[in-house]
Structures are given as C-alpha cells and as structure tokens.
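A.B. asks: What follows is coords-v8.csv, made up of CSV, C-alpha atoms and all ligand atoms:
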```
chain,number,residue,atom,x,y,z
A,1,MET,CA,-25.7,4.1,15.7
A,2,GLY,CA,-21.9,3.8,15.9
A,3,LYS,CA,-19.0,4.4,18.3
A,4,ILE,CA,-15.3,5.0,17.6
A,5,THR,CA,-12.4,4.5,20.0
A,6,ILE,CA,-9.2,6.5,19.2
A,7,GLU,CA,-5.8,5.3,20.2
A,8,LYS,CA,-4.4,8.9,20.3
A,9,GLU,CA,-0.7,8.0,20.8
A,10,ARG,CA,-0.7,6.3,17.4
A,11,CYS,CA,-2.3,9.2,15.6
A,12,LYS,CA,-0.2,11.3,13.2
A,13,GLY,CA,-2.9,13.9,12.5
A,14,CYS,CA,-2.9,13.2,8.8
A,15,GLY,CA,-6.6,13.9,8.5
A,16,LEU,CA,-7.5,11.1,6.1
A,17,CYS,CA,-10.3,10.1,8.5
A,18,VAL,CA,-11.6,13.6,8.8
A,19,MET,CA,-11.8,13.9,4.9
A,20,TYR,CA,-13.9,10.8,4.5
A,21,CYS,CA,-16.3,10.8,7.4
A,22,PRO,CA,-19.6,11.1,5.6
A,23,LYS,CA,-21.2,12.7,8.7
A,24,LYS,CA,-18.4,15.2,9.1
A,25,ILE,CA,-18.2,14.5,12.9
A,26,LEU,CA,-14.4,14.3,13.1
A,27,ALA,CA,-11.8,17.0,13.4
A,28,LEU,CA,-8.1,17.4,14.2
A,29,SER,CA,-7.7,19.1,17.6
A,30,ASP,CA,-6.2,22.5,17.5
A,31,LYS,CA,-5.1,22.1,21.2
A,32,GLU,CA,-4.4,18.5,22.1
A,33,THR,CA,-1.2,16.9,21.0
A,34,ASN,CA,0.2,13.4,21.7
A,35,GLY,CA,3.7,12.3,22.7
A,36,ASN,CA,5.0,12.7,19.2
A,37,GLY,CA,3.7,16.3,19.0
A,38,TYR,CA,0.9,15.6,16.5
A,39,PHE,CA,-2.5,17.3,16.8
A,40,VAL,CA,-4.7,14.3,17.3
A,41,LEU,CA,-8.1,13.2,16.1
A,42,THR,CA,-11.2,14.2,18.1
A,43,VAL,CA,-14.9,13.4,17.7
A,44,VAL,CA,-16.9,16.6,17.4
A,45,ASP,CA,-20.3,15.0,17.7
A,46,GLU,CA,-20.4,11.4,19.1
A,47,SER,CA,-24.1,11.0,18.6
A,48,GLY,CA,-23.6,11.5,14.8
A,49,CYS,CA,-21.5,8.4,14.2
A,50,ILE,CA,-23.2,5.7,12.0
A,51,GLY,CA,-20.4,3.1,12.3
A,52,CYS,CA,-19.6,3.1,8.6
A,53,ALA,CA,-15.9,2.6,9.4
A,54,ASN,CA,-14.8,4.9,6.6
A,55,CYS,CA,-12.4,6.7,9.0
A,56,ALA,CA,-10.8,3.4,10.2
A,57,VAL,CA,-10.5,2.0,6.7
A,58,MET,CA,-8.6,5.1,5.6
A,59,CYS,CA,-6.4,5.4,8.7
A,60,PRO,CA,-2.9,4.3,7.8
A,61,ASP,CA,-1.9,3.8,11.4
A,62,SER,CA,-4.8,1.6,12.7
A,63,VAL,CA,-5.7,4.3,15.3
A,64,ILE,CA,-9.5,3.8,15.1
A,65,THR,CA,-11.7,0.9,16.3
A,66,VAL,CA,-15.3,1.0,15.2
A,67,GLU,CA,-18.4,-0.5,16.9
A,68,ARG,CA,-21.9,-0.5,15.6
B,69,MET,CA,-22.6,-3.1,19.9
B,70,THR,CA,-20.2,-5.3,18.0
B,71,VAL,CA,-16.8,-4.4,16.7
B,72,VAL,CA,-16.9,-3.7,13.0
B,73,TYR,CA,-13.3,-2.5,12.5
B,74,LYS,CA,-10.2,-3.1,14.5
B,75,LYS,CA,-6.5,-3.4,13.9
B,76,SER,CA,-5.6,-6.7,12.2
B,77,GLY,CA,-3.9,-9.4,14.3
B,78,MET,CA,-1.5,-10.0,11.4
B,79,LEU,CA,0.1,-6.6,12.3
B,80,THR,CA,2.4,-6.3,15.3
B,81,ASP,CA,2.0,-3.5,17.8
B,82,ALA,CA,5.0,-1.6,16.5
B,83,PRO,CA,4.0,1.9,15.4
B,84,PHE,CA,4.6,2.5,11.7
B,85,HIS,CA,7.4,4.9,11.0
B,86,TYR,CA,5.7,6.2,7.8
B,87,CYS,CA,5.0,9.9,7.3
B,88,PRO,CA,1.6,11.3,8.2
B,89,GLY,CA,-0.8,10.5,5.4
B,90,CYS,CA,1.5,8.0,3.7
B,91,THR,CA,-0.7,5.2,2.3
B,92,HIS,CA,2.0,2.5,2.8
B,93,GLY,CA,0.2,2.1,6.1
B,94,ILE,CA,-3.1,1.4,4.3
B,95,ALA,CA,-1.4,-1.1,2.1
B,96,HIS,CA,0.1,-2.9,5.1
B,97,LYS,CA,-3.3,-3.1,6.8
B,98,LEU,CA,-5.0,-4.6,3.7
B,99,VAL,CA,-2.4,-7.3,3.2
B,100,ALA,CA,-2.6,-8.1,7.0
B,101,GLU,CA,-6.4,-8.3,6.9
B,102,VAL,CA,-6.4,-10.5,3.9
B,103,LEU,CA,-3.8,-12.9,5.3
B,104,GLU,CA,-6.0,-13.2,8.4
B,105,GLU,CA,-9.2,-13.8,6.3
B,106,ILE,CA,-7.6,-16.5,4.2
B,107,GLY,CA,-6.3,-18.2,7.4
B,108,ALA,CA,-2.6,-17.9,6.5
B,109,GLU,CA,-1.6,-17.1,10.1
B,110,GLY,CA,1.4,-19.3,11.0
B,111,ASN,CA,2.0,-20.3,7.4
B,112,VAL,CA,3.1,-17.2,5.6
B,113,VAL,CA,6.4,-15.6,4.8
B,114,GLY,CA,6.7,-12.0,3.5
B,115,VAL,CA,9.7,-10.5,1.8
B,116,ALA,CA,10.4,-6.8,2.5
B,117,PRO,CA,11.9,-4.4,0.0
B,118,VAL,CA,14.5,-1.6,0.2
B,119,GLY,CA,12.6,1.6,0.3
B,120,CYS,CA,10.4,3.2,2.8
B,121,ALA,CA,8.8,-0.2,3.5
B,122,VAL,CA,12.2,-1.6,4.5
B,123,PHE,CA,10.9,-2.1,8.1
B,124,ALA,CA,7.9,-4.1,7.0
B,125,TYR,CA,9.5,-7.0,8.7
B,126,ASN,CA,8.8,-5.3,12.0
B,127,TYR,CA,5.1,-4.7,11.2
B,128,PHE,CA,3.8,-7.9,9.7
B,129,ASN,CA,3.0,-10.5,12.4
B,130,CYS,CA,4.6,-13.4,10.4
B,131,ASP,CA,8.0,-14.6,9.3
B,132,MET,CA,9.6,-12.0,7.2
B,133,GLN,CA,12.8,-11.9,5.1
B,134,GLU,CA,14.6,-8.7,4.0
B,135,ALA,CA,15.8,-8.8,0.4
B,136,SER,CA,18.5,-6.6,-1.2
B,137,HIS,CA,17.2,-3.8,-3.4
B,138,GLY,CA,14.8,-5.1,-6.1
B,139,ARG,CA,15.5,-8.8,-5.4
B,140,ALA,CA,12.4,-9.6,-3.4
B,141,PRO,CA,10.8,-11.7,-6.2
B,142,ALA,CA,13.9,-13.8,-6.5
B,143,VAL,CA,14.1,-14.3,-2.7
B,144,ALA,CA,10.3,-15.1,-2.6
B,145,THR,CA,10.9,-17.6,-5.5
B,146,GLY,CA,13.4,-19.4,-3.4
B,147,ILE,CA,11.2,-19.5,-0.3
B,148,LYS,CA,8.2,-20.7,-2.3
B,149,ARG,CA,10.1,-23.4,-4.1
B,150,VAL,CA,11.4,-25.0,-0.9
B,151,ARG,CA,8.1,-24.5,0.9
B,152,PRO,CA,5.4,-24.8,-1.8
B,153,ASP,CA,2.6,-25.0,0.8
B,154,THR,CA,3.6,-21.7,2.5
B,155,VAL,CA,1.9,-18.5,1.4
B,156,VAL,CA,4.7,-16.2,0.2
B,157,PHE,CA,4.4,-12.6,-0.7
B,158,ALA,CA,6.8,-9.8,-1.7
B,159,TYR,CA,6.0,-6.1,-0.9
B,160,GLN,CA,7.8,-3.6,-3.1
B,161,GLY,CA,8.0,0.0,-4.0
B,162,ASP,CA,8.3,1.4,-7.6
B,163,GLY,CA,12.0,2.2,-7.4
B,164,ASP,CA,12.6,-1.3,-5.9
B,165,LEU,CA,10.4,-3.1,-8.4
B,166,ALA,CA,10.5,-1.1,-11.6
B,167,SER,CA,14.1,0.2,-11.6
B,168,ILE,CA,16.8,-1.9,-9.9
B,169,GLY,CA,14.5,-4.9,-9.7
B,170,MET,CA,13.0,-4.9,-13.1
B,171,ALA,CA,14.7,-8.1,-14.2
B,172,GLU,CA,13.7,-10.0,-11.1
B,173,ILE,CA,10.0,-9.0,-11.3
B,174,VAL,CA,9.7,-9.7,-15.0
B,175,HIS,CA,11.4,-13.1,-14.8
B,176,ALA,CA,9.5,-14.2,-11.6
B,177,ALA,CA,6.3,-13.3,-13.5
B,178,ALA,CA,7.5,-15.0,-16.7
B,179,ARG,CA,8.3,-18.2,-14.8
B,180,GLY,CA,4.9,-18.1,-13.3
B,181,GLU,CA,6.2,-18.4,-9.7
B,182,LYS,CA,3.3,-19.1,-7.4
B,183,ILE,CA,3.9,-16.0,-5.3
B,184,THR,CA,1.9,-12.8,-4.7
B,185,VAL,CA,3.6,-9.4,-5.3
B,186,ILE,CA,2.1,-6.2,-3.8
B,187,PHE,CA,3.5,-3.3,-5.7
B,188,ILE,CA,3.3,0.2,-4.1
B,189,ASN,CA,3.4,2.8,-6.9
B,190,ASN,CA,3.9,6.2,-5.4
B,191,ALA,CA,5.7,7.6,-8.5
B,192,ILE,CA,8.8,8.5,-6.5
B,193,TYR,CA,11.8,7.2,-4.6
B,194,GLY,CA,10.4,8.0,-1.1
B,195,MET,CA,13.0,6.7,1.2
B,196,THR,CA,16.0,8.4,-0.4
B,197,GLY,CA,14.3,11.8,-0.6
B,198,GLY,CA,12.2,12.1,-3.7
B,199,GLN,CA,14.2,11.2,-6.8
B,200,MET,CA,12.4,10.4,-10.1
B,201,ALA,CA,11.2,6.8,-10.4
B,202,PRO,CA,10.4,4.9,-13.6
B,203,THR,CA,6.7,5.6,-12.7
B,204,THR,CA,7.0,9.3,-12.1
B,205,LEU,CA,4.4,11.1,-14.2
B,206,GLU,CA,5.2,13.4,-17.1
B,207,GLY,CA,5.6,16.9,-15.6
B,208,GLN,CA,5.9,15.6,-12.1
B,209,LYS,CA,8.7,17.3,-10.2
B,210,ALA,CA,11.3,15.3,-8.4
B,211,THR,CA,14.8,16.1,-7.0
B,212,THR,CA,16.3,14.6,-10.2
B,213,CYS,CA,13.9,16.4,-12.6
B,214,ILE,CA,13.3,19.7,-10.9
B,215,TYR,CA,11.4,21.2,-13.8
B,216,GLY,CA,9.2,18.1,-14.0
B,217,ARG,CA,9.7,14.8,-15.8
B,218,ASN,CA,10.4,15.5,-19.5
B,219,PRO,CA,9.8,12.4,-21.7
B,220,GLU,CA,12.4,13.7,-24.2
B,221,ILE,CA,15.1,13.4,-21.6
B,222,ASN,CA,13.7,11.0,-19.0
B,223,GLY,CA,11.4,8.7,-21.1
B,224,ASN,CA,7.8,7.9,-20.2
B,225,PRO,CA,6.4,6.3,-17.1
B,226,ILE,CA,6.4,2.5,-17.1
B,227,ARG,CA,3.0,0.8,-16.6
B,228,MET,CA,3.9,-2.3,-14.7
B,229,CYS,CA,0.4,-4.0,-14.8
B,230,GLU,CA,0.2,-3.6,-18.5
B,231,LEU,CA,3.7,-5.0,-19.0
B,232,ILE,CA,3.3,-7.9,-16.6
B,233,SER,CA,0.0,-8.9,-18.1
B,234,THR,CA,1.6,-9.6,-21.5
B,235,LEU,CA,3.4,-12.5,-20.0
B,236,THR,CA,2.1,-16.1,-19.8
B,237,GLY,CA,3.1,-16.9,-16.2
B,238,PRO,CA,0.8,-14.5,-14.3
B,239,THR,CA,-2.8,-15.5,-13.7
B,240,TYR,CA,-3.9,-12.4,-11.9
B,241,VAL,CA,-2.8,-8.8,-12.5
B,242,ALA,CA,-4.7,-5.9,-11.1
B,243,ARG,CA,-4.4,-2.2,-10.2
B,244,ALA,CA,-6.2,-0.3,-7.4
B,245,ALA,CA,-5.8,3.2,-5.8
B,246,LEU,CA,-5.5,3.9,-2.1
B,247,CYS,CA,-7.3,7.2,-2.4
B,248,ASP,CA,-10.7,6.9,-0.8
B,249,PRO,CA,-12.7,4.3,1.2
B,250,ALA,CA,-14.5,2.8,-1.8
B,251,ASN,CA,-11.2,2.3,-3.7
B,252,VAL,CA,-9.4,1.0,-0.6
B,253,ARG,CA,-12.2,-1.6,-0.2
B,254,LYS,CA,-11.8,-2.6,-3.9
B,255,ALA,CA,-8.0,-2.9,-3.4
B,256,LYS,CA,-8.6,-5.3,-0.6
B,257,LYS,CA,-10.8,-7.5,-2.8
B,258,MET,CA,-8.0,-7.5,-5.4
B,259,ILE,CA,-5.4,-8.5,-2.8
B,260,LYS,CA,-7.6,-11.3,-1.6
B,261,THR,CA,-8.1,-12.6,-5.2
B,262,ALA,CA,-4.4,-12.5,-5.7
B,263,PHE,CA,-3.7,-14.6,-2.6
B,264,GLU,CA,-6.4,-17.0,-3.6
B,265,HIS,CA,-4.6,-17.5,-6.9
B,266,GLN,CA,-1.6,-18.5,-5.0
B,267,LEU,CA,-3.5,-20.8,-2.6
B,268,ASN,CA,-5.1,-22.5,-5.6
B,269,LYS,CA,-1.6,-22.8,-7.1
B,270,LYS,CA,-2.8,-21.1,-10.3
B,271,GLY,CA,0.2,-18.9,-11.0
B,272,PHE,CA,1.9,-15.6,-10.4
B,273,SER,CA,-0.3,-12.9,-8.9
B,274,PHE,CA,0.4,-9.1,-8.9
B,275,VAL,CA,-1.5,-6.2,-7.4
B,276,GLU,CA,-0.4,-2.6,-8.0
B,277,LEU,CA,-1.6,0.0,-5.5
B,278,LEU,CA,-1.4,3.7,-6.5
B,279,SER,CA,-0.2,5.3,-3.3
B,280,ALA,CA,0.4,8.8,-1.9
B,281,CYS,CA,3.8,10.2,-0.8
B,282,PRO,CA,2.7,13.6,0.6
B,283,THR,CA,6.2,14.3,1.9
B,284,ASN,CA,8.2,14.0,-1.3
B,285,TRP,CA,5.4,15.3,-3.5
B,286,GLY,CA,5.4,18.4,-1.3
B,287,MET,CA,1.7,18.1,-0.7
B,288,THR,CA,-0.9,18.1,2.0
B,289,THR,CA,-2.7,14.8,2.7
B,290,GLU,CA,-5.7,16.2,0.8
B,291,GLN,CA,-3.7,17.3,-2.2
B,292,ALA,CA,-1.9,14.0,-2.3
B,293,VAL,CA,-5.0,11.7,-2.4
B,294,ASP,CA,-6.4,14.1,-5.0
B,295,TYR,CA,-3.2,13.6,-7.1
B,296,VAL,CA,-3.6,9.8,-6.8
B,297,LYS,CA,-7.3,10.0,-7.8
B,298,ASN,CA,-6.9,12.4,-10.7
B,299,ASP,CA,-3.3,12.7,-12.0
B,300,MET,CA,-2.1,9.1,-11.3
B,301,GLN,CA,-5.2,7.4,-12.5
B,302,SER,CA,-5.2,9.2,-15.8
B,303,ILE,CA,-1.8,7.5,-16.6
B,304,TYR,CA,-2.4,4.3,-14.6
B,305,PRO,CA,-6.0,3.1,-15.1
B,306,LEU,CA,-7.5,0.9,-12.5
B,307,GLY,CA,-8.8,-2.6,-13.1
B,308,VAL,CA,-8.0,-6.2,-13.6
B,309,PHE,CA,-5.5,-6.6,-16.5
B,310,LYS,CA,-5.4,-10.4,-16.5
B,311,GLU,CA,-7.4,-13.1,-14.7
B,312,GLU,CA,-7.1,-16.8,-15.7
A,401,LIG,C1,21.9,-1.3,-4.4
A,401,LIG,C2,21.2,-0.1,-3.9
A,401,LIG,N1,21.1,1.0,-4.7
A,401,LIG,C3,20.5,2.1,-4.2
A,401,LIG,C4,20.0,2.2,-3.0
A,401,LIG,C5,19.3,3.5,-2.5
A,401,LIG,N2,17.9,3.3,-2.4
A,401,LIG,C6,17.3,3.0,-1.2
A,401,LIG,S1,15.6,3.0,-1.3
A,401,LIG,C7,15.7,3.5,-3.0
A,401,LIG,C8,14.4,3.6,-3.8
A,401,LIG,C9,13.2,3.5,-3.0
A,401,LIG,O1,12.1,3.9,-3.8
A,401,LIG,P1,10.8,2.9,-3.9
A,401,LIG,O2,11.2,1.5,-4.1
A,401,LIG,O3,9.9,3.6,-4.8
A,401,LIG,O4,10.2,2.9,-2.4
A,401,LIG,P2,9.4,4.1,-1.6
A,401,LIG,O5,10.4,4.6,-0.6
A,401,LIG,O6,9.0,5.1,-2.5
A,401,LIG,O7,8.3,3.3,-0.9
A,401,LIG,C10,17.0,3.6,-3.4
A,401,LIG,C11,17.4,4.0,-4.8
A,401,LIG,C12,20.2,1.1,-2.1
A,401,LIG,N3,19.7,1.0,-0.9
A,401,LIG,N4,20.8,-0.1,-2.6
A,402,LIG,S1,8.7,9.5,2.3
A,402,LIG,FE1,6.8,9.1,1.2
A,402,LIG,S2,6.7,6.8,0.9
A,402,LIG,FE2,8.2,7.3,2.5
A,402,LIG,S3,7.1,7.2,4.5
A,402,LIG,FE3,7.1,9.3,3.8
A,402,LIG,S4,5.2,9.6,2.6
A,402,LIG,FE4,5.6,7.4,2.8
A,403,MG,MG,8.2,4.7,-4.5
```
Can you present the structure in this file as structure tokens?
C.D. replies:
Amino acid sequence: MGKITIEKERCKGCGLCVMYCPKKILALSDKETNGNGYFVLTVVDESGCIGCANCAVMCPDSVITVER
Amino acid sequence: MTVVYKKSGMLTDAPFHYCPGCTHGIAHKLVAEVLEEIGAEGNVVGVAPVGCAVFAYNYFNCDMQEASHGRAPAVATGIKRVRPDTVVFAYQGDGDLASIGMAEIVHAAARGEKITVIFINNAIYGMTGGQMAPTTLEGQKATTCIYGRNPEINGNPIRMCELISTLTGPTYVARAALCDPANVRKAKKMIKTAFEHQLNKKGFSFVELLSACPTNWGMTTEQAVDYVKNDMQSIYPLGVFKEE
C-alpha cells in the first residue's frame, strides 16, 4: 500500500513517471494545467499504488513524494 | 505510513530550468542524495560548468563555484588543494568536458586529483541549440551535421570512461544510464562509490551518466530515453572501467 503526493506547480508534464509506474496508475491530465501551462501529473487509481517510488526516482523535478 | 522518497535537502527550492524530460534533473537529484547520505552537508563545494547546467549553483544546497567553459576540473583542483578535507565535485556536460575542457579533465585525472567529476553525456551541445559534440553518435543529426555525424568528416565519438581509465591517477571510473528506474538506482550507487573514493583519499573519481536531451534530439520523452537505452548504450557500454 502506497501513497504519492504531487507538487503540481513543479511538474513539467514530461511523463517519465507515467512511463515507469509498474501499476500504470498515473497519467498526464488532458484538462488540468499549472501556472507554467504544463498538463500535470494525476493519479488515476490511488488504491493501486504500491509505494515502489519508481515515479519519484525518475522525476527530474522532484515533484513526487512517496509514502508506504 | 513512512516517507520512502522525498526531495533531497541538498537541493534548494529553486525550480530547475531544464526542459521537460531532461535528465540533468535526475543527475542533480542523485548527486544531492549521495552528498546527504555521505554526510557531506556543510563541507562540500561543487563546481558548475558552462552548458545547460550552468545554473547548478542555484540548485545545489552547498557552496558552488562557476568555472569558465571546460575549466571545472582545474577550478576543483584548486579548491581541493587548499581545502583537502572538503568534498569537492565538478559537474560537466560533454561539450564542456570533452571538447573545450579536454585538457583540463585529462590532466586532473592524470594528476590523480582527489576530486569527483560527474560527466553528463547527452551527445549534444544542449545549451547552445544542438550542435555536434565529441560524443555525438555516428549518424546522429545535429545542427552542425544536419545529415548525421559522418566519421569521414567529423571523426568518431570519444569514449571518455575508456580514455580516462587508461590513466594511473583515477581510482574509480564508471558509466551509467539515466534511462529507467533500475539504471538510475545503479547510477546512484556508482556516484556514491565515487564520492567514497574521494572521502578515503584514494584518487580521482569519475562517473559518466548517459543522459537525454529530448529538445535538441527532436524527440518525445519516450523516444529520448529509448535512444539512451539502445543507441547510446551500443556505443557507450555501461559498467565500471576502473576500480582500485
Ligand atoms: C569559451 C566559450 N566557448 C563557447 C561557448 C558557447 N557554449 C556555451 S555552452 C556550450 C556547450 C554546452 O554543451 P555541453 O557541455 O554538452 O552541455 P549541455 O548543455 O549539453 O548540458 C558552448 C559551446 C562559451 N560559453 N564559452
Ligand atoms: S536543451 Fe537539452 S540538455 Fe538543455 S535543458 Fe533542454 S533537454 Fe536538457
Ligand atoms: Mg551536452
């Protein structure tokens, strides 16, 4: 069981986290943008998170905090 | 629940200016996390390059010195020699390190300066808009080789780890790729080993990180990490080239 917290203002929508989530529970929003105009990361299925931290390890911008 | 991953305290709160999907950011995080783990906080000086990482001095939560283009290993040498008990690292791109700074890196390594150099090989001059670097792959397009690098005209890519590991001064030379979580975790281990060589006053330590520049490669994030994983690794094999 895991939980991620996303600092959306830092997100650049690169999608590296989405690519490497083994549970495929992450997506880039097609509606929500941040102050820089990037489509930001959203969690599609919160209950699916296993807290592996792959997303956070790959995030170049330290957007994601992971708890387990 | 306990926190298993959070932003390193060795990074400031300044948002990185890097392009979306640029793995310079991953490299910064790894260095910061390792500095924290080895307890270097308050006793470390970094030297920033000229290149996209020129603002590294705003991002690392430690004393930083900007060097002129390619001269980071020479500046780091000076800092280390007057403060031998301070952890000193240089962070350099491939244009910075392997073109204009080739003499400085080779001689710092040859002298066995007890510094750690983090070398970001993205096979391109990122900051200046995508010119060919010494590390650009055969066939790879750049603004100064628009039909792709042609060894007949442009020579072949320079493998820095292989070159540096022929010298006596270095005690740790390794190459990793910032292309997926497993390889990023391996890269962190190598960076940690490199800094431990410095802490133990063994010799010069050098870690090359294969890195993506989606912007100047004209690729999506996905295509860019794929290029690092397949195309770059076929020319730049991963591993430890020297450990003493
Ligand atoms: C003496 C000097 N020559 C040339 C330049 C122009 N210049 C700035 S950055 C750069 C190359 C950057 O490429 P690299 O080191 O690979 O860093 P990257 O941006 O790819 O991370 C060049 C040639 C300069 N700033 N100073
Ligand atoms: S130009 Fe390339 S190296 Fe520079 S910040 Fe953008 S992606 Fe990174
Ligand atoms: Mg470069």
A.B. asks: What residues of the protein or nucleic acid chains come within 8 Å of ligand LIG 402 (chain A) when you use all atoms listed in the file? Reply as a VMD selection string.
C.D. replies: chain B and resid 85 to 92 119 to 121 190 192 to 198 280 to 285
A.B. asks: Counting all atoms listed in the file, which residues of chain B come no farther than 10 Å from chain A, as number ranges by chain?
C.D. replies: B: 69-76, 79, 81-98, 246-250, 252-253, 282, 288-290, 293
A.B. asks: Store the residues picked out above in a file with C-alpha atoms, as a PDB file, in the frame of the given file.
C.D. replies:
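Once written, part25.pdb looks like this:
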```pdb
ATOM      1  CA  MET B  69     -22.600  -3.100  19.900  1.00  0.00           C
ATOM      2  CA  THR B  70     -20.200  -5.300  18.000  1.00  0.00           C
ATOM      3  CA  VAL B  71     -16.800  -4.400  16.700  1.00  0.00           C
ATOM      4  CA  VAL B  72     -16.900  -3.700  13.000  1.00  0.00           C
ATOM      5  CA  TYR B  73     -13.300  -2.500  12.500  1.00  0.00           C
ATOM      6  CA  LYS B  74     -10.200  -3.100  14.500  1.00  0.00           C
ATOM      7  CA  LYS B  75      -6.500  -3.400  13.900  1.00  0.00           C
ATOM      8  CA  SER B  76      -5.600  -6.700  12.200  1.00  0.00           C
ATOM      9  CA  LEU B  79       0.100  -6.600  12.300  1.00  0.00           C
ATOM     10  CA  ASP B  81       2.000  -3.500  17.800  1.00  0.00           C
ATOM     11  CA  ALA B  82       5.000  -1.600  16.500  1.00  0.00           C
ATOM     12  CA  PRO B  83       4.000   1.900  15.400  1.00  0.00           C
ATOM     13  CA  PHE B  84       4.600   2.500  11.700  1.00  0.00           C
ATOM     14  CA  HIS B  85       7.400   4.900  11.000  1.00  0.00           C
ATOM     15  CA  TYR B  86       5.700   6.200   7.800  1.00  0.00           C
ATOM     16  CA  CYS B  87       5.000   9.900   7.300  1.00  0.00           C
ATOM     17  CA  PRO B  88       1.600  11.300   8.200  1.00  0.00           C
ATOM     18  CA  GLY B  89      -0.800  10.500   5.400  1.00  0.00           C
ATOM     19  CA  CYS B  90       1.500   8.000   3.700  1.00  0.00           C
ATOM     20  CA  THR B  91      -0.700   5.200   2.300  1.00  0.00           C
ATOM     21  CA  HIS B  92       2.000   2.500   2.800  1.00  0.00           C
ATOM     22  CA  GLY B  93       0.200   2.100   6.100  1.00  0.00           C
ATOM     23  CA  ILE B  94      -3.100   1.400   4.300  1.00  0.00           C
ATOM     24  CA  ALA B  95      -1.400  -1.100   2.100  1.00  0.00           C
ATOM     25  CA  HIS B  96       0.100  -2.900   5.100  1.00  0.00           C
ATOM     26  CA  LYS B  97      -3.300  -3.100   6.800  1.00  0.00           C
ATOM     27  CA  LEU B  98      -5.000  -4.600   3.700  1.00  0.00           C
ATOM     28  CA  LEU B 246      -5.500   3.900  -2.100  1.00  0.00           C
ATOM     29  CA  CYS B 247      -7.300   7.200  -2.400  1.00  0.00           C
ATOM     30  CA  ASP B 248     -10.700   6.900  -0.800  1.00  0.00           C
ATOM     31  CA  PRO B 249     -12.700   4.300   1.200  1.00  0.00           C
ATOM     32  CA  ALA B 250     -14.500   2.800  -1.800  1.00  0.00           C
ATOM     33  CA  VAL B 252      -9.400   1.000  -0.600  1.00  0.00           C
ATOM     34  CA  ARG B 253     -12.200  -1.600  -0.200  1.00  0.00           C
ATOM     35  CA  PRO B 282       2.700  13.600   0.600  1.00  0.00           C
ATOM     36  CA  THR B 288      -0.900  18.100   2.000  1.00  0.00           C
ATOM     37  CA  THR B 289      -2.700  14.800   2.700  1.00  0.00           C
ATOM     38  CA  GLU B 290      -5.700  16.200   0.800  1.00  0.00           C
ATOM     39  CA  VAL B 293      -5.000  11.700  -2.400  1.00  0.00           C
TER      40      VAL B 293
END
```
A.B. asks: Could you work out how far CA of Asn111 (chain B) lies from CA of His175 (chain B), giving the answer in Å with one decimal?
C.D. replies: 25.2 Å
A.B. asks: So, with all atoms listed in the file as the atoms that count, which of B:Phe128, B:Lys148, B:Ile226, B:Thr236 lies closest to Ala178 (chain B)?
C.D. replies: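 Checking each candidate against Ala178 (chain B), we get B:Thr236 as the closest.
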A.B. asks: So, counting all atoms listed in the file, which residue among B:Gly216, B:Pro202, B:Pro117, B:Gly163 is closest to ligand MG 403 (chain A)?
C.D. replies: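 Closest to ligand MG 403 (chain A), using all atoms listed in the file: B:Gly163.
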A.B. asks: Do you have the CA of Val155 (chain B)-CA of Gly180 (chain B) distance handy?
C.D. replies: 15.0 Å
A.B. asks: Can you work out the spacing between CA of Val43 (chain A) and CA of Lys256 (chain B) in Å, to one decimal?
C.D. replies: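 Result for CA of Val43 (chain A) versus CA of Lys256 (chain B): 26.9 Å, one decimal.
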A.B. asks: Which residues are close to Asp45 (chain A), i.e. within 9 Å by only C-alpha atoms, leaving aside same-chain residues fewer than 6 positions away? Reply as a list in words.
C.D. replies: Lys24, Ile25 and Leu26 of chain A
A.B. asks: Kindly extract all protein, DNA and RNA residues lying within 9 Å of the coordinates (5.4, 14.6, -12.9) given in the file, considering all atoms listed in the file, and supply them as a PyMOL selection string.
C.D. replies: chain B and resi 191+200+204-210+213+215-218+299
A.B. asks: Please list as a PyMOL selection string every residue within 8 Å of Ser29 (chain A), counting all atoms listed in the file and excluding residues in the same chain fewer than 6 positions away.
C.D. replies: chain A and resi 39-42
A.B. asks: Counting all atoms listed in the file, figure out which residue out of B:Ile168, B:Ala135, B:Val113, B:Val275 gets nearest to ligand LIG 401 (chain A).
C.D. replies: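 Using all atoms listed in the file, the shortest distance to ligand LIG 401 (chain A) belongs to B:Ile168.
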A.B. asks: Excluding Ala245 (chain B) and its own-chain neighbours fewer than 2 positions away, which residues fall within 6 Å of it when counting all atoms listed in the file? Please give them as a list in words.
C.D. replies: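 Once the nearby chain positions are removed, what remains is Cys247, Asn251, Leu277 and Leu278 of chain B.
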A.B. asks: Smallest atom-to-atom distance to ligand MG 403 (chain A): which of B:Ser167, B:Thr145, B:Thr212, B:Asn126, using only C-alpha atoms and all ligand atoms?
C.D. replies: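 Nearest candidate to ligand MG 403 (chain A) out of B:Ser167, B:Thr145, B:Thr212, B:Asn126: B:Ser167.
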A.B. asks: Restricting the calculation to all atoms listed in the file: of B:Gly307, B:Gly169, B:Gly114, B:Pro238, which residue gets closest to ligand LIG 401 (chain A)?
C.D. replies: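 Nearest to ligand LIG 401 (chain A): B:Gly169.
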A.B. asks: If we count only C-alpha atoms and set the cut-off at 10 Å, which residues sit around Leu231 (chain B), ignoring sequence neighbours fewer than 6 positions away in its own chain? Please answer as JSON, numbers by chain.
C.D. replies: {"B": [174, 241, 309]}
A.B. asks: Considering only C-alpha atoms and all ligand atoms, state which residue in the set B:Ala166, B:Leu235, B:Ala242, B:Ile186 is at the smallest distance from ligand MG 403 (chain A).
C.D. replies: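 Once distances to ligand MG 403 (chain A) are computed over only C-alpha atoms and all ligand atoms, the minimum belongs to B:Ala166.
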A.B. asks: Would you pull region 133-140 of chain B out of the block just shown and save N, CA, C and O atoms as a CSV table (one decimal), in the first residue's frame?
C.D. replies:
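To be explicit, this is the file written out as decode_38.csv:
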```
chain,number,residue,atom,x,y,z
B,133,GLN,N,30.9,27.0,-7.1
B,133,GLN,CA,31.7,28.0,-7.9
B,133,GLN,C,31.5,27.7,-9.3
B,133,GLN,O,31.6,26.6,-9.8
B,134,GLU,N,31.2,28.8,-10.1
B,134,GLU,CA,31.1,28.7,-11.5
B,134,GLU,C,32.5,28.7,-12.1
B,134,GLU,O,33.3,29.5,-11.7
B,135,ALA,N,32.7,27.8,-13.1
B,135,ALA,CA,34.0,27.8,-13.8
B,135,ALA,C,33.8,28.3,-15.2
B,135,ALA,O,32.7,28.2,-15.7
B,136,SER,N,34.9,28.8,-15.8
B,136,SER,CA,34.7,29.1,-17.3
B,136,SER,C,34.7,27.8,-18.0
B,136,SER,O,35.0,26.7,-17.5
B,137,HIS,N,34.3,27.9,-19.3
B,137,HIS,CA,33.9,26.7,-20.1
B,137,HIS,C,35.0,25.7,-20.1
B,137,HIS,O,36.1,25.9,-20.5
B,138,GLY,N,34.7,24.5,-19.5
B,138,GLY,CA,35.6,23.4,-19.6
B,138,GLY,C,36.7,23.3,-18.5
B,138,GLY,O,37.4,22.4,-18.3
B,139,ARG,N,36.7,24.4,-17.7
B,139,ARG,CA,37.8,24.5,-16.7
B,139,ARG,C,37.4,24.0,-15.3
B,139,ARG,O,38.2,24.1,-14.4
B,140,ALA,N,36.3,23.4,-15.2
B,140,ALA,CA,35.8,22.9,-13.9
B,140,ALA,C,36.8,22.0,-13.1
B,140,ALA,O,37.0,22.2,-11.9
```
